[in-house]
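Heads up, work04.txt below (compact mmCIF, C-alpha atoms):
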```txt
# COMPACT_ATOMS: atom_id res chain seq x y z
CA MET C 276 128.53 75.53 47.85
CA ASN C 277 131.47 73.30 48.52
CA GLY C 278 133.20 72.97 51.88
CA ALA C 279 135.91 75.55 51.17
CA LYS C 280 133.38 78.12 49.94
CA ASP C 281 131.13 77.41 52.95
CA GLY C 282 134.10 78.07 55.24
CA GLU C 283 134.89 81.26 53.38
CA LEU C 284 131.29 82.46 53.66
CA ARG C 285 131.24 81.65 57.41
CA ALA C 286 134.48 83.62 57.85
CA LEU C 287 133.04 86.53 55.83
CA GLN C 288 129.90 86.54 57.97
CA ALA C 289 132.02 86.45 61.15
CA ALA C 290 134.07 89.40 59.87
CA LEU C 291 130.84 91.25 59.10
CA ALA C 292 129.51 90.53 62.60
CA ALA C 293 132.77 91.81 64.09
CA GLU C 294 132.54 94.98 62.00
CA HIS C 295 128.97 95.54 63.19
CA ALA C 296 130.23 95.22 66.77
CA ALA C 297 133.17 97.55 66.08
CA VAL C 298 130.91 100.22 64.61
CA TYR C 299 128.69 100.00 67.69
CA GLY C 300 131.73 100.03 69.99
CA TYR C 301 133.23 103.08 68.36
CA GLY C 302 129.93 104.87 68.96
CA VAL C 303 130.57 104.29 72.66
CA VAL C 304 134.24 105.26 72.31
CA GLY C 305 133.28 108.50 70.58
CA GLY C 306 131.04 109.46 73.48
CA ARG C 307 133.82 109.13 76.05
CA ILE C 308 137.09 109.72 74.21
CA GLY C 309 139.16 112.80 75.02
CA GLU C 310 139.31 115.67 72.56
CA GLU C 311 142.95 114.92 71.70
CA ARG C 312 142.03 111.49 70.25
CA ARG C 313 138.59 112.24 68.84
CA THR C 314 139.86 112.54 65.25
CA GLU C 315 141.57 109.15 65.56
CA ALA C 316 138.37 107.58 66.90
CA ARG C 317 136.31 109.10 64.08
CA ALA C 318 138.76 107.77 61.46
CA ALA C 319 138.55 104.27 62.96
CA TYR C 320 134.75 104.46 63.06
CA ASP C 321 134.66 105.47 59.40
CA ALA C 322 137.11 102.69 58.46
CA HIS C 323 134.97 100.06 60.18
CA ARG C 324 131.80 101.36 58.53
CA ALA C 325 133.50 101.14 55.12
CA ARG C 326 134.73 97.58 55.81
CA ARG C 327 131.28 96.60 57.05
CA ASP C 328 129.64 97.93 53.91
CA ALA C 329 132.17 96.14 51.68
CA LEU C 330 131.57 92.87 53.53
CA VAL C 331 127.81 93.21 53.06
CA ARG C 332 128.40 93.49 49.31
CA GLU C 333 130.75 90.48 49.30
CA VAL C 334 128.30 88.27 51.19
CA ARG C 335 125.50 89.26 48.83
CA ALA C 336 127.75 88.59 45.83
CA LEU C 337 128.11 85.02 47.12
CA GLY C 338 124.32 84.72 47.12
CA ALA C 339 123.88 84.82 50.89
CA GLU C 340 121.99 87.12 53.23
CA PRO C 341 124.43 89.25 55.28
CA VAL C 342 124.28 88.80 59.04
CA ALA C 343 122.41 91.73 60.58
CA ALA C 344 123.74 93.98 63.29
CA ALA C 345 122.38 93.37 66.76
CA ALA C 346 120.28 96.05 68.43
CA GLY C 347 123.00 96.38 71.06
CA TYR C 348 126.22 94.78 72.22
CA ALA C 349 127.51 93.97 75.68
CA LEU C 350 130.75 95.80 76.32
CA PRO C 351 133.64 93.88 77.91
CA PHE C 352 133.86 96.47 80.71
CA PRO C 353 132.21 99.78 81.67
CA VAL C 354 133.36 102.73 79.54
CA THR C 355 133.14 105.78 81.77
CA ASP C 356 136.02 108.06 80.84
CA PRO C 357 138.68 108.72 78.16
CA GLU C 358 141.00 106.04 79.55
CA THR C 359 138.42 103.26 79.37
CA ALA C 360 137.34 104.54 75.93
CA VAL C 361 140.92 104.07 74.70
CA ARG C 362 141.00 100.61 76.25
CA LEU C 363 137.75 99.69 74.48
CA ALA C 364 139.07 100.96 71.14
CA ALA C 365 142.14 98.74 71.50
CA GLU C 366 139.98 95.75 72.47
CA LEU C 367 137.71 96.29 69.46
CA GLU C 368 140.69 96.37 67.11
CA GLU C 369 142.20 93.22 68.61
CA ARG C 370 138.91 91.35 68.24
CA VAL C 371 138.49 92.50 64.64
CA ALA C 372 142.08 91.46 63.87
CA GLY C 373 141.34 87.98 65.22
CA VAL C 374 138.32 87.56 62.98
CA TYR C 375 140.23 88.78 59.93
CA SER C 376 142.98 86.26 60.67
CA ASP C 377 140.31 83.57 60.29
CA LEU C 378 139.20 85.09 56.98
CA VAL C 379 142.80 85.16 55.72
CA ARG C 380 142.99 81.44 56.43
CA ALA C 381 139.61 80.66 54.81
CA ALA C 382 139.85 82.85 51.70
CA ASP C 383 142.04 82.91 48.65
CA GLY C 384 142.97 85.34 45.91
CA GLY C 385 141.81 88.92 46.19
CA ARG C 386 139.61 88.25 49.20
CA ARG C 387 142.61 86.90 51.12
CA GLY C 388 144.57 90.03 50.24
CA SER C 389 141.72 92.28 51.40
CA ALA C 390 141.40 90.31 54.64
CA ALA C 391 145.16 90.59 55.23
CA ALA C 392 144.97 94.35 54.67
CA ALA C 393 142.07 94.61 57.14
CA LEU C 394 144.02 92.52 59.67
CA ARG C 395 147.05 94.78 59.28
CA GLU C 396 144.97 97.96 59.64
CA ALA C 397 143.25 96.67 62.78
CA ALA C 398 146.59 95.59 64.27
CA VAL C 399 148.11 99.01 63.60
CA ARG C 400 145.13 100.77 65.16
CA ALA C 401 145.34 98.46 68.20
CA VAL C 402 149.01 99.37 68.64
CA ARG C 403 148.19 103.06 68.39
CA TRP C 404 145.46 102.74 70.99
CA ARG C 405 147.41 100.50 73.37
CA GLY C 406 150.83 101.99 72.84
CA ARG C 407 152.36 98.52 72.43
CA SER C 408 152.19 95.62 70.01
CA VAL C 409 152.01 91.84 69.99
CA ALA C 410 154.03 89.35 67.96
CA PHE C 411 151.13 87.87 65.97
CA PRO C 412 148.16 90.25 65.81
CA GLY C 413 144.81 88.50 65.75
CA LEU C 414 146.17 85.23 67.12
CA ALA C 415 147.67 85.53 70.60
CA GLU C 416 144.88 87.80 71.82
CA ARG C 417 142.29 85.12 71.05
CA ALA C 418 143.85 82.40 73.19
CA GLY C 419 141.61 83.22 76.16
CA ALA C 420 138.69 84.72 74.25
CA ALA C 421 135.46 82.79 73.98
CA SER C 422 134.27 84.83 70.98
CA PRO C 423 136.00 86.99 68.40
CA SER C 424 133.31 89.68 68.52
CA ALA C 425 131.37 91.55 71.16
CA THR C 426 128.33 89.78 72.53
CA PRO C 427 124.98 90.98 71.19
CA THR C 428 122.23 91.77 73.65
CA ALA C 429 118.50 91.84 73.05
```

Translate the structure of the given file into structure tokens.
Amino acid sequence: MNGAKDGELRALQAALAAEHAAVYGYGVVGGRIGEERRTEARAAYDAHRARRDALVREVRALGAEPVAAAAGYALPFPVTDPETAVRLAAELEERVAGVYSDLVRAADGGRRGSAAAALREAAVRAVRWRGRSVAFPGLAERAGAASPSATPTA
């Protein structure tokens, strides 16, 4: 592969890793979220599973082995009640948006359009969870972040 395609594959793998983490995180959210937002959490979980599965196919289509999900992920804070579950959902969406912003930059054509759509969807979900928005979803949130996805644990 050439340099541009290598960068695109790395960005695809990072997006896949972020989707694995989001699917895991929404499992935690679903266990603590209040009844009034359970349908919203389930829809987000399903959306991330669908994106994850699509990314697996894209990575394989490029002739690479998709990055595997970790057995577990360290959460950024304890999730003990509906309020912290909502906070985690917003954090997951912001992290996913950041990774998709990298994929938008690395990809072209249809893949760039798909990444932009995923970025937009994650940003909209983050706003719904947080109740407020940011000027440039996926960018400003990453300024202080060491990693765009949750940290895997053994």

### Query
Arg324 (chain C): which residues within 9 Å, counting only C-alpha atoms, same-chain residues fewer than 6 positions away excluded, as a ChimeraX atom specification?
/C:294-295,297-298

### Task
List every protein, DNA or RNA residue with an atom no more than 9 Å from (133.0, 100.5, 67.1) in the file's coordinates, counting all atoms listed in the file, and format the result as a PyMOL selection string.
chain C and resi 294-305+316+319-320+323-324+363-364+367-368

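Here CA of Arg327 (chain C) and CA of Ala344 (chain C) stand 10.1 Å from one another.
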
### Task
For Arg386 (chain C), please output as a ChimeraX atom specification all residues within 12 Å (counting only C-alpha atoms; exclusion window: fewer than 2 positions along the same chain).
/C:280,283-284,286-287,329-330,333-334,375,378-384,388-393

### Query
Quick one: residues within 8 Å of Arg405 (chain C), only C-alpha atoms counted, chain neighbours fewer than 6 positions away excluded, as a PyMOL selection string?
chain C and resi 361-362+365

Please save C-alpha atoms of the selected residues as a CSV table (one decimal), keeping the file's coordinate frame.
```csv
chain,number,residue,atom,x,y,z
C,361,VAL,CA,140.9,104.1,74.7
C,362,ARG,CA,141.0,100.6,76.2
C,365,ALA,CA,142.1,98.7,71.5
```

## Note on the structure
Pairwise distance, CA of Ala325 (chain C) with CA of Asp356 (chain C), equals 26.8 Å

### Query
Any idea what's packed within 9 Å of Val342 (chain C), counting all atoms listed in the file, ignoring anything in its chain fewer than 4 positions away? Could you give it as a list of chain:residue names?
C:Gln288, C:Ala289, C:Leu291, C:Ala292, C:Val331, C:Val334

### Atom-to-atom span, CA of Val371 (chain C) and CA of Ala345 (chain C), Å
16.3 Å

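Of the listed residues C:Ala360, C:Val399, C:Ala318, C:Val374, the one whose atoms come nearest to Ala293 (chain C) is C:Val374, with distances taken using all atoms listed in the file.
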